[in-house]
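One file, coords15.tsv, is given below (TSV, C-alpha atoms and all ligand atoms).
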```tsv
chain	number	residue	atom	x	y	z
I	25	MET	CA	-14.53	-8.77	-22.09
I	26	LYS	CA	-12.89	-5.36	-21.70
I	27	GLN	CA	-9.44	-4.91	-20.22
I	28	VAL	CA	-6.80	-2.22	-19.84
I	29	GLU	CA	-3.61	-3.00	-21.72
I	30	PHE	CA	-0.26	-1.42	-22.54
I	31	THR	CA	2.06	-2.47	-25.34
I	32	GLU	CA	5.03	-0.26	-24.42
I	33	PHE	CA	6.39	1.25	-21.21
I	34	GLY	CA	5.92	4.98	-20.71
I	35	ARG	CA	3.73	7.69	-19.22
I	36	PRO	CA	0.63	5.72	-18.12
I	37	GLU	CA	-1.92	8.12	-19.70
I	38	ASP	CA	-0.09	7.82	-23.03
I	39	VAL	CA	0.44	4.08	-23.22
I	40	VAL	CA	-2.69	2.42	-21.79
I	41	SER	CA	-5.84	1.68	-23.75
I	42	VAL	CA	-9.05	-0.24	-23.18
I	43	VAL	CA	-9.31	-3.23	-25.50
I	44	CYS	CA	-11.55	-6.26	-25.91
I	45	GLY	CA	-9.69	-9.33	-24.66
I	46	GLN	CA	-10.33	-13.04	-25.18
I	47	SER	CA	-11.52	-15.02	-22.17
I	48	PRO	CA	-10.08	-18.55	-22.22
I	49	ASP	CA	-12.11	-21.55	-21.04
I	50	ILE	CA	-11.90	-22.30	-17.36
I	51	GLU	CA	-9.90	-25.45	-16.48
I	52	ASP	CA	-9.70	-27.76	-13.47
I	53	GLY	CA	-8.26	-25.94	-10.46
I	54	GLN	CA	-9.28	-22.55	-11.85
I	55	ILE	CA	-11.90	-19.92	-11.09
I	56	ALA	CA	-13.58	-17.26	-13.24
I	57	VAL	CA	-13.92	-13.96	-11.41
I	58	LYS	CA	-16.08	-11.02	-12.43
I	59	MET	CA	-14.06	-8.01	-11.30
I	60	LEU	CA	-15.78	-5.38	-9.16
I	61	ALA	CA	-13.11	-2.80	-8.32
I	62	ALA	CA	-9.36	-2.19	-8.26
I	63	PRO	CA	-7.33	0.78	-7.00
I	64	ILE	CA	-4.55	2.65	-8.76
I	65	ASN	CA	-1.47	2.33	-6.58
I	66	PRO	CA	1.89	4.05	-7.09
I	67	ALA	CA	3.23	0.56	-7.90
I	68	ASP	CA	0.81	0.37	-10.86
I	69	ILE	CA	2.15	3.68	-12.21
I	70	ASN	CA	5.73	2.42	-11.88
I	71	PHE	CA	4.75	-0.95	-13.41
I	72	ILE	CA	3.39	0.78	-16.54
I	73	GLU	CA	6.40	3.12	-16.67
I	74	GLY	CA	8.71	0.10	-16.55
I	75	THR	CA	10.39	1.31	-13.34
I	76	TYR	CA	8.89	-1.23	-10.91
I	77	GLY	CA	10.63	-4.22	-9.24
I	78	VAL	CA	9.25	-6.57	-11.90
I	79	LYS	CA	8.97	-5.85	-15.63
I	80	PRO	CA	6.27	-7.77	-17.50
I	81	SER	CA	6.46	-9.05	-21.04
I	82	LEU	CA	4.26	-6.94	-23.32
I	83	PRO	CA	1.40	-6.52	-23.96
I	84	ALA	CA	0.47	-6.52	-20.27
I	85	VAL	CA	-2.62	-5.84	-18.16
I	86	PRO	CA	-1.89	-3.65	-15.12
I	87	GLY	CA	-3.47	-3.98	-11.68
I	88	ILE	CA	-1.60	-5.23	-8.65
I	89	GLU	CA	-4.73	-5.86	-6.57
I	90	GLY	CA	-8.52	-5.78	-6.64
I	91	VAL	CA	-11.69	-7.59	-5.67
I	92	GLY	CA	-14.14	-9.65	-7.66
I	93	CYS	CA	-16.94	-12.15	-7.40
I	94	VAL	CA	-16.58	-15.82	-8.39
I	95	GLU	CA	-18.70	-16.44	-11.47
I	96	ASP	CA	-17.60	-20.02	-12.13
I	97	SER	CA	-15.45	-22.42	-10.15
I	98	ARG	CA	-13.64	-25.65	-10.90
I	99	ALA	CA	-11.64	-25.47	-7.69
I	100	GLU	CA	-12.23	-26.72	-4.17
I	101	GLY	CA	-13.02	-24.02	-1.61
I	102	PHE	CA	-14.42	-21.49	-4.11
I	103	GLN	CA	-18.17	-21.17	-4.61
I	104	ILE	CA	-20.07	-19.08	-7.13
I	105	GLY	CA	-20.80	-15.72	-5.46
I	106	ASP	CA	-17.70	-15.74	-3.20
I	107	LYS	CA	-15.86	-12.45	-2.91
I	108	VAL	CA	-12.14	-12.91	-3.69
I	109	ILE	CA	-8.91	-10.94	-3.67
I	110	PHE	CA	-5.73	-11.94	-5.51
I	111	LEU	CA	-2.49	-12.82	-3.73
I	112	GLU	CA	-0.49	-13.11	-6.96
I	113	ARG	CA	-0.18	-10.74	-9.90
I	114	VAL	CA	-3.05	-11.50	-12.29
I	115	GLY	CA	-3.60	-8.04	-13.85
I	116	THR	CA	-6.78	-6.82	-12.18
I	117	TRP	CA	-7.79	-3.96	-14.48
I	118	ARG	CA	-10.19	-6.08	-16.51
I	119	GLU	CA	-13.78	-7.22	-16.39
I	120	LEU	CA	-13.12	-10.96	-16.10
I	121	ILE	CA	-10.18	-12.90	-14.68
I	122	ILE	CA	-9.65	-16.61	-15.17
I	123	CYS	CA	-6.86	-17.78	-12.90
I	124	ASP	CA	-5.57	-20.65	-10.81
I	125	ALA	CA	-7.47	-20.78	-7.55
I	126	SER	CA	-4.11	-20.70	-5.71
I	127	SER	CA	-3.73	-17.06	-6.86
I	128	ALA	CA	-6.88	-16.01	-5.03
I	129	MET	CA	-8.28	-15.96	-1.52
I	130	VAL	CA	-11.91	-15.78	-0.40
I	131	VAL	CA	-12.76	-12.80	1.82
I	132	ASP	CA	-15.86	-12.40	3.95
I	133	ASN	CA	-18.75	-11.22	1.79
I	134	HIS	CA	-19.52	-8.52	4.37
I	135	VAL	CA	-16.26	-6.65	3.72
I	136	ASN	CA	-17.12	-3.51	1.79
I	137	VAL	CA	-16.15	-3.76	-1.92
I	138	GLU	CA	-14.00	-0.61	-1.98
I	139	GLN	CA	-12.05	-1.63	1.12
I	140	ALA	CA	-11.68	-5.24	-0.10
I	141	ALA	CA	-10.26	-3.90	-3.39
I	142	MET	CA	-7.48	-2.19	-1.39
I	143	LEU	CA	-6.90	-4.95	1.19
I	144	LYS	CA	-4.00	-6.82	-0.38
I	145	VAL	CA	-1.30	-4.16	-0.52
I	146	ASN	CA	-1.46	-1.24	1.88
I	147	PRO	CA	-3.01	-2.69	5.07
I	148	MET	CA	-0.67	-5.71	4.88
I	149	THR	CA	2.33	-3.45	4.27
I	150	ALA	CA	1.37	-1.49	7.39
I	151	LEU	CA	0.93	-4.66	9.45
I	152	CYS	CA	4.33	-6.00	8.31
I	153	LEU	CA	6.01	-2.68	9.11
I	154	LEU	CA	4.63	-2.76	12.65
I	155	GLN	CA	5.16	-6.46	13.34
I	156	ASN	CA	8.25	-7.67	11.49
I	157	TYR	CA	11.14	-5.35	12.39
I	158	VAL	CA	11.00	-4.24	16.03
I	159	ASP	CA	9.48	-6.02	19.00
I	160	LEU	CA	7.14	-3.13	19.73
I	161	LYS	CA	5.31	-2.96	23.05
I	162	PRO	CA	2.13	-0.99	23.80
I	163	GLY	CA	3.03	2.64	24.34
I	164	ASP	CA	6.09	2.53	22.03
I	165	TRP	CA	6.45	5.30	19.45
I	166	VAL	CA	6.67	4.78	15.70
I	167	ILE	CA	7.38	7.56	13.20
I	168	GLN	CA	6.38	7.74	9.52
I	169	ASN	CA	6.27	10.10	6.55
I	170	ALA	CA	3.53	10.21	3.85
I	171	ALA	CA	1.20	9.65	6.81
I	172	ASN	CA	-1.91	10.47	4.76
I	173	SER	CA	-1.12	7.78	2.16
I	174	GLY	CA	-2.98	4.48	2.06
I	175	VAL	CA	-0.17	2.77	3.95
I	176	GLY	CA	0.18	5.75	6.30
I	177	GLN	CA	-3.51	5.72	7.23
I	178	SER	CA	-3.30	1.97	7.82
I	179	VAL	CA	-0.19	2.40	10.03
I	180	ILE	CA	-2.04	4.95	12.19
I	181	GLN	CA	-5.12	2.74	12.61
I	182	ILE	CA	-3.29	-0.57	13.15
I	183	ALA	CA	-0.89	1.09	15.60
I	184	LYS	CA	-3.93	2.29	17.56
I	185	ILE	CA	-5.37	-1.25	17.63
I	186	LEU	CA	-2.00	-2.60	18.86
I	187	GLY	CA	-1.64	0.12	21.51
I	188	LEU	CA	1.33	1.79	19.77
I	189	ARG	CA	1.74	5.55	19.36
I	190	THR	CA	2.48	7.29	16.07
I	191	ILE	CA	4.33	10.45	15.03
I	192	ASN	CA	3.19	11.38	11.55
I	193	LEU	CA	4.70	13.64	8.91
I	194	VAL	CA	2.68	15.11	6.02
I	195	ARG	CA	3.49	17.72	3.41
I	196	ARG	CA	0.10	19.54	3.57
I	197	ALA	CA	-1.06	21.43	6.68
I	198	GLU	CA	-4.74	20.90	5.89
I	199	LEU	CA	-4.32	17.15	6.52
I	200	ILE	CA	-3.27	17.57	10.15
I	201	PRO	CA	-6.77	17.64	11.76
I	202	GLN	CA	-7.93	14.66	9.64
I	203	LEU	CA	-5.01	12.55	10.84
I	204	TYR	CA	-5.69	13.36	14.50
I	205	GLU	CA	-9.28	12.30	13.85
I	206	LEU	CA	-8.01	9.03	12.39
I	207	GLY	CA	-6.06	8.31	15.59
I	208	ALA	CA	-2.64	9.89	15.05
I	209	ASP	CA	-0.93	10.77	18.34
I	210	LYS	CA	1.21	13.57	16.87
I	211	VAL	CA	1.39	15.17	13.42
I	212	PHE	CA	4.06	17.49	11.99
I	213	LEU	CA	4.70	19.05	8.64
I	214	ASP	CA	7.47	17.25	6.76
I	215	ASP	CA	9.73	20.22	6.07
I	216	SER	CA	12.98	21.73	7.30
I	217	GLU	CA	11.10	24.50	9.22
I	218	SER	CA	9.37	21.91	11.43
I	219	LYS	CA	12.60	19.96	12.12
I	220	ALA	CA	13.42	21.69	15.42
I	221	GLU	CA	9.90	21.19	16.79
I	222	LEU	CA	9.97	17.54	15.71
I	223	SER	CA	13.40	16.96	17.30
I	224	GLU	CA	12.23	18.52	20.55
I	225	PHE	CA	9.12	16.33	20.67
I	226	CYS	CA	11.22	13.24	19.97
I	227	THR	CA	13.51	13.86	22.94
I	228	ILE	CA	10.51	12.80	25.06
I	229	ALA	CA	8.76	10.45	22.62
I	230	ARG	CA	11.70	8.53	21.10
I	231	PRO	CA	10.61	6.31	18.18
I	232	THR	CA	12.15	2.86	17.82
I	233	LEU	CA	10.84	2.37	14.27
I	234	VAL	CA	10.84	4.56	11.16
I	235	CYS	CA	8.48	3.80	8.25
I	236	ASN	CA	9.84	5.65	5.22
I	237	ALA	CA	7.82	6.00	2.00
I	238	ILE	CA	9.55	9.07	0.55
I	239	GLY	CA	13.37	8.93	0.66
I	240	GLY	CA	15.62	11.99	0.19
I	241	ASP	CA	15.65	14.65	2.94
I	242	SER	CA	12.46	13.32	4.49
I	243	SER	CA	14.10	9.99	5.31
I	244	ILE	CA	17.02	11.83	6.98
I	245	ARG	CA	14.58	13.85	9.11
I	246	LEU	CA	13.07	10.56	10.25
I	247	MET	CA	16.37	8.83	11.04
I	248	ASN	CA	17.39	11.79	13.21
I	249	THR	CA	14.51	11.05	15.62
I	250	LEU	CA	15.30	7.35	16.23
I	251	VAL	CA	16.60	5.82	19.45
I	252	GLU	CA	20.08	4.32	19.37
I	253	LYS	CA	19.90	0.98	17.49
I	254	GLY	CA	16.46	1.92	16.16
I	255	VAL	CA	15.27	0.50	12.84
I	256	HIS	CA	14.64	2.52	9.69
I	257	VAL	CA	12.47	0.66	7.16
I	258	THR	CA	12.12	1.97	3.61
I	259	TYR	CA	9.11	0.71	1.70
I	260	GLY	CA	8.46	3.52	-0.79
I	261	ALA	CA	10.30	6.21	-2.74
I	262	MET	CA	7.64	8.82	-3.55
I	263	SER	CA	10.22	11.62	-3.95
I	264	ARG	CA	12.16	9.36	-6.35
I	265	ARG	CA	15.27	10.39	-4.40
I	266	PRO	CA	17.62	7.92	-2.73
I	267	VAL	CA	17.98	7.34	0.99
I	268	THR	CA	21.40	8.76	1.80
I	269	ILE	CA	22.73	7.94	5.24
I	270	PRO	CA	24.92	10.44	7.05
I	271	ASN	CA	27.76	8.41	8.60
I	272	LYS	CA	26.87	9.39	12.19
I	273	TYR	CA	23.66	7.37	12.08
I	274	LEU	CA	25.59	4.23	11.15
I	275	ILE	CA	28.59	4.73	13.44
I	276	PHE	CA	27.42	6.56	16.55
I	277	ARG	CA	23.70	5.80	16.54
I	278	GLN	CA	23.97	2.23	15.20
I	279	ILE	CA	20.70	2.59	13.24
I	280	ARG	CA	19.68	-0.51	11.30
I	281	PHE	CA	18.40	0.06	7.75
I	282	GLU	CA	15.91	-2.33	6.20
I	283	GLY	CA	13.63	-2.50	3.15
I	284	LEU	CA	10.17	-4.03	2.78
I	285	TRP	CA	8.54	-5.29	-0.40
I	286	ILE	CA	5.16	-6.88	0.27
I	287	THR	CA	5.42	-8.97	-2.93
I	288	LYS	CA	8.52	-10.67	-1.51
I	289	TRP	CA	6.85	-11.13	1.88
I	290	LEU	CA	3.89	-12.83	0.19
I	291	GLU	CA	6.24	-15.15	-1.72
I	292	ASP	CA	8.29	-16.05	1.36
I	293	THR	CA	5.54	-16.48	3.95
I	294	PRO	CA	3.61	-19.73	4.50
I	295	ARG	CA	0.13	-19.54	2.95
I	296	ASN	CA	-1.71	-20.19	6.25
I	297	GLU	CA	0.11	-17.26	7.88
I	298	VAL	CA	-0.69	-15.01	4.90
I	299	GLU	CA	-4.37	-15.96	4.96
I	300	SER	CA	-4.73	-15.56	8.72
I	301	SER	CA	-3.11	-12.11	8.52
I	302	TYR	CA	-5.59	-11.09	5.79
I	303	ARG	CA	-8.50	-12.43	7.84
I	304	LYS	CA	-7.32	-10.32	10.79
I	305	LEU	CA	-7.17	-7.21	8.58
I	306	ALA	CA	-10.59	-8.00	7.05
I	307	ASN	CA	-12.09	-8.31	10.54
I	308	TRP	CA	-10.69	-4.91	11.50
I	309	ILE	CA	-12.20	-3.45	8.31
I	310	GLU	CA	-15.56	-5.06	9.02
I	311	SER	CA	-15.59	-3.76	12.58
I	312	GLY	CA	-14.85	-0.22	11.36
I	313	LYS	CA	-11.37	-0.02	12.93
I	314	LEU	CA	-9.47	0.05	9.62
I	315	GLU	CA	-10.33	2.03	6.53
I	316	GLN	CA	-8.49	3.67	3.64
I	317	SER	CA	-10.05	6.78	2.18
I	318	VAL	CA	-11.26	6.91	-1.41
I	319	ASP	CA	-10.74	10.02	-3.51
I	320	SER	CA	-12.80	9.06	-6.56
I	321	ALA	CA	-14.01	6.16	-8.69
I	322	TYR	CA	-13.95	5.82	-12.48
I	323	GLN	CA	-15.43	3.26	-14.84
I	324	LEU	CA	-12.87	1.03	-16.58
I	325	GLU	CA	-13.51	2.86	-19.89
I	326	HIS	CA	-12.27	6.08	-18.24
I	327	VAL	CA	-8.96	4.64	-17.09
I	328	VAL	CA	-6.96	7.50	-18.63
I	329	GLN	CA	-8.82	10.11	-16.55
I	330	ALA	CA	-8.43	7.85	-13.52
I	331	LEU	CA	-4.67	7.66	-14.09
I	332	GLU	CA	-4.45	11.44	-14.46
I	333	ARG	CA	-6.28	11.92	-11.17
I	334	ALA	CA	-4.16	9.29	-9.40
I	335	GLN	CA	-0.99	11.22	-10.25
I	336	GLN	CA	-2.23	14.59	-9.09
I	337	PRO	CA	-1.00	15.89	-5.72
I	338	ASN	CA	-3.59	16.87	-3.09
I	339	ARG	CA	-5.71	13.77	-3.55
I	340	SER	CA	-7.83	12.79	-0.58
I	341	GLY	CA	-7.46	9.01	-0.91
I	342	LYS	CA	-7.21	6.30	-3.51
I	343	VAL	CA	-8.53	6.44	-7.05
I	344	LEU	CA	-10.56	3.33	-7.85
I	345	ILE	CA	-11.42	1.69	-11.15
I	346	CYS	CA	-14.89	0.10	-11.13
I	347	MET	CA	-15.90	-2.66	-13.49
X	1	LIG	N1	7.20	-1.85	-0.57
X	1	LIG	C1	5.93	-2.27	-0.64
X	1	LIG	O1	5.62	-3.44	-0.61
X	1	LIG	C2	4.86	-1.22	-0.75
X	1	LIG	C3	3.53	-1.52	-0.49
X	1	LIG	C4	2.58	-0.48	-0.54
X	1	LIG	C5	2.99	0.79	-0.90
X	1	LIG	N2	4.30	1.01	-1.19
X	1	LIG	C6	4.79	2.34	-1.51
X	1	LIG	O2	4.41	3.21	-0.48
X	1	LIG	C7	4.24	4.52	-0.98
X	1	LIG	C8	2.83	4.98	-0.60
X	1	LIG	O3	1.89	4.16	-1.27
X	1	LIG	P1	0.34	4.40	-1.05
X	1	LIG	O4	-0.42	3.53	-1.96
X	1	LIG	O5	0.06	4.31	0.40
X	1	LIG	O6	0.26	5.93	-1.53
X	1	LIG	P2	-0.98	6.88	-1.85
X	1	LIG	O7	-2.12	6.52	-0.99
X	1	LIG	O8	-1.16	6.89	-3.32
X	1	LIG	O9	-0.39	8.29	-1.36
X	1	LIG	C9	0.78	8.82	-1.92
X	1	LIG	C10	1.52	9.59	-0.85
X	1	LIG	O10	2.76	10.05	-1.34
X	1	LIG	C11	2.85	11.47	-1.17
X	1	LIG	N3	3.64	11.99	-2.28
X	1	LIG	C12	3.32	11.95	-3.59
X	1	LIG	N4	4.31	12.49	-4.32
X	1	LIG	C13	5.27	12.87	-3.45
X	1	LIG	C14	6.54	13.51	-3.60
X	1	LIG	N5	7.03	13.82	-4.80
X	1	LIG	N6	7.24	13.76	-2.47
X	1	LIG	C15	6.75	13.45	-1.26
X	1	LIG	N7	5.57	12.84	-1.07
X	1	LIG	C16	4.84	12.55	-2.15
X	1	LIG	C17	1.42	11.95	-1.16
X	1	LIG	O11	1.33	13.19	-0.54
X	1	LIG	P3	0.14	14.24	-0.94
X	1	LIG	O12	-1.15	13.56	-0.53
X	1	LIG	O13	0.46	15.45	-0.17
X	1	LIG	O14	0.21	14.41	-2.43
X	1	LIG	C18	0.77	10.82	-0.35
X	1	LIG	O15	1.05	10.96	1.02
X	1	LIG	C19	4.46	4.42	-2.49
X	1	LIG	O16	5.81	4.73	-2.75
X	1	LIG	C20	4.22	2.95	-2.79
X	1	LIG	O17	4.88	2.49	-3.92
X	1	LIG	C21	5.23	0.04	-1.12
```

The structure given in the file should be rewritten as structure tokens.
Ligand SMILES: NC(=O)c1ccc[n+]([C@@H]2O[C@H](COP(=O)([O-])OP(=O)(O)OC[C@H]3O[C@@H](n4cnc5c(N)ncnc54)[C@H](OP(=O)(O)O)[C@@H]3O)[C@@H](O)[C@H]2O)c1
Amino acid sequence: MKQVEFTEFGRPEDVVSVVCGQSPDIEDGQIAVKMLAAPINPADINFIEGTYGVKPSLPAVPGIEGVGCVEDSRAEGFQIGDKVIFLERVGTWRELIICDASSAMVVDNHVNVEQAAMLKVNPMTALCLLQNYVDLKPGDWVIQNAANSGVGQSVIQIAKILGLRTINLVRRAELIPQLYELGADKVFLDDSESKAELSEFCTIARPTLVCNAIGGDSSIRLMNTLVEKGVHVTYGAMSRRPVTIPNKYLIFRQIRFEGLWITKWLEDTPRNEVESSYRKLANWIESGKLEQSVDSAYQLEHVVQALERAQQPNRSGKVLICM
């Protein structure tokens, strides 16, 4: 049973290796899952670097999410052949996972493997951003940066389903037509040259919600567009720069600043609500309304090349590891 492992924190390409792991016997209440695919998310990179919100004891197997097929079950509600995703951290970059059934959830077998592998994190983050902070009504405007990211693409598509309108910032001009095709209502370049044009547009289309995945100057550009008492939610820090808040946004504009971590939301939310939200997302995927793009797929043995690709700029979607 092959698995990816790291024994020290550091640059992912330097510290991971593929090793043969032991597979323990399956016990009552557990399932054995043959893994099919798992994406490389920025959180996985940070997890291996040791800069993520949780630090594992070492050695550790990375992989925040993924999809597999039940190979053996000693738990009610799980049949051999069921497709499952994992709601808790089990370390998905391995061929076989034996875990408590409570860590997993069955998804409809019709959901495409690649999309199911990426269902847990980004689509749910997008849904939480759009549903949990502002009482948005159809026609309302939402603004986001990193709009071509997995979360960004999901925000655009879920907003469309909910009748909301999106203003989207990206750092590459070539992405603009693709995002309009995906359903974006407006797309701008995320740079200081485009700030005046963005501000002018937002005098008519005033967003009530900011979804910030970058921090630094980009997050300030976003807060400048918000309505008075609007909400600015930070869920990512791709620039690795802090969100600094000019005083005027706190005092005169009364902007509310929030943070979202989907791991915490999963811990704090009743299981039936979590499962029904995932079923809703899976239905949208199945009906072709929600999709994250895939840049490339690598076999587990080639995890180092996969990690190199995942950290390159100008990707056109997620990098997947296939088992
Ligand atoms: N809080 C949570 O629960 C939660 C959940 C999901 C994701 N996240 C976070 O959300 C962010 C996006 O995740 P994802 O999986 O959707 O990302 P992704 O699909 O891997 O895309 C990464 C995005 O970040 C941009 N980017 C990369 N480096 C950057 C830099 N130095 N400055 C500005 N932009 C940069 C990329 O732009 P280019 O394409 O132009 O390179 C792309 O838009 C990450 O920070 C991730 O950790 C948080």

Which residues are near ligand LIG 1 (chain X) - at most 7 Å, using all atoms listed in the file? Format: as a PDB file with C-alpha atoms, in the frame of the given file.
```pdb
ATOM      1  CA  ASN I  65      -1.470   2.330  -6.580  1.00  0.00           C
ATOM      2  CA  PRO I  66       1.890   4.050  -7.090  1.00  0.00           C
ATOM      3  CA  ALA I  67       3.230   0.560  -7.900  1.00  0.00           C
ATOM      4  CA  VAL I 145      -1.300  -4.160  -0.520  1.00  0.00           C
ATOM      5  CA  ASN I 146      -1.460  -1.240   1.880  1.00  0.00           C
ATOM      6  CA  THR I 149       2.330  -3.450   4.270  1.00  0.00           C
ATOM      7  CA  ALA I 170       3.530  10.210   3.850  1.00  0.00           C
ATOM      8  CA  ALA I 171       1.200   9.650   6.810  1.00  0.00           C
ATOM      9  CA  ASN I 172      -1.910  10.470   4.760  1.00  0.00           C
ATOM     10  CA  SER I 173      -1.120   7.780   2.160  1.00  0.00           C
ATOM     11  CA  GLY I 174      -2.980   4.480   2.060  1.00  0.00           C
ATOM     12  CA  VAL I 175      -0.170   2.770   3.950  1.00  0.00           C
ATOM     13  CA  GLY I 176       0.180   5.750   6.300  1.00  0.00           C
ATOM     14  CA  VAL I 194       2.680  15.110   6.020  1.00  0.00           C
ATOM     15  CA  ARG I 195       3.490  17.720   3.410  1.00  0.00           C
ATOM     16  CA  ARG I 196       0.100  19.540   3.570  1.00  0.00           C
ATOM     17  CA  ALA I 237       7.820   6.000   2.000  1.00  0.00           C
ATOM     18  CA  ILE I 238       9.550   9.070   0.550  1.00  0.00           C
ATOM     19  CA  TYR I 259       9.110   0.710   1.700  1.00  0.00           C
ATOM     20  CA  GLY I 260       8.460   3.520  -0.790  1.00  0.00           C
ATOM     21  CA  ALA I 261      10.300   6.210  -2.740  1.00  0.00           C
ATOM     22  CA  MET I 262       7.640   8.820  -3.550  1.00  0.00           C
ATOM     23  CA  SER I 263      10.220  11.620  -3.950  1.00  0.00           C
ATOM     24  CA  ARG I 264      12.160   9.360  -6.350  1.00  0.00           C
ATOM     25  CA  LEU I 284      10.170  -4.030   2.780  1.00  0.00           C
ATOM     26  CA  TRP I 285       8.540  -5.290  -0.400  1.00  0.00           C
ATOM     27  CA  ILE I 286       5.160  -6.880   0.270  1.00  0.00           C
ATOM     28  CA  THR I 287       5.420  -8.970  -2.930  1.00  0.00           C
ATOM     29  CA  PRO I 337      -1.000  15.890  -5.720  1.00  0.00           C
ATOM     30  CA  ASN I 338      -3.590  16.870  -3.090  1.00  0.00           C
ATOM     31  CA  ARG I 339      -5.710  13.770  -3.550  1.00  0.00           C
ATOM     32  CA  SER I 340      -7.830  12.790  -0.580  1.00  0.00           C
ATOM     33  CA  GLY I 341      -7.460   9.010  -0.910  1.00  0.00           C
ATOM     34  CA  LYS I 342      -7.210   6.300  -3.510  1.00  0.00           C
TER      35      LYS I 342
END
```

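The spacing separating atom CA of Pro294 of chain I from atom CA of Met142 of chain I amounts to 21.6 Å.
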
Review point. Excluding same-chain residues fewer than 6 positions from Ser47 of chain I, what lies within 12 Å of it counting only C-alpha atoms, as an NGL selection string?
Key: :I and (25-27 or 56-58 or 118-123)

What are the closest atom pairs, with distances in Å to one decimal, for all residues of segment 73-192 of chain I lying within 7 Å of segment 198-212 of chain I? Consider all atoms listed in the file, order rows by chain and residue number, and present the result as JSON lines.
```
{"residue": "I:Ile180", "atom": "CA", "partner": "I:Ala208", "partner_atom": "CA", "distance": 5.7}
{"residue": "I:Gln181", "atom": "CA", "partner": "I:Gly207", "partner_atom": "CA", "distance": 6.4}
{"residue": "I:Lys184", "atom": "CA", "partner": "I:Gly207", "partner_atom": "CA", "distance": 6.7}
{"residue": "I:Arg189", "atom": "CA", "partner": "I:Asp209", "partner_atom": "CA", "distance": 6.0}
{"residue": "I:Thr190", "atom": "CA", "partner": "I:Asp209", "partner_atom": "CA", "distance": 5.4}
{"residue": "I:Ile191", "atom": "CA", "partner": "I:Lys210", "partner_atom": "CA", "distance": 4.8}
{"residue": "I:Asn192", "atom": "CA", "partner": "I:Val211", "partner_atom": "CA", "distance": 4.6}
```

Check your understanding: Distance atom CA of Ser242 of chain I-atom CA of Asp214 of chain I, one decimal place?
Key -> 6.7 Å

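Between atom CA of Gly45 of chain I and atom CA of Asp68 of chain I the separation is 19.9 Å.
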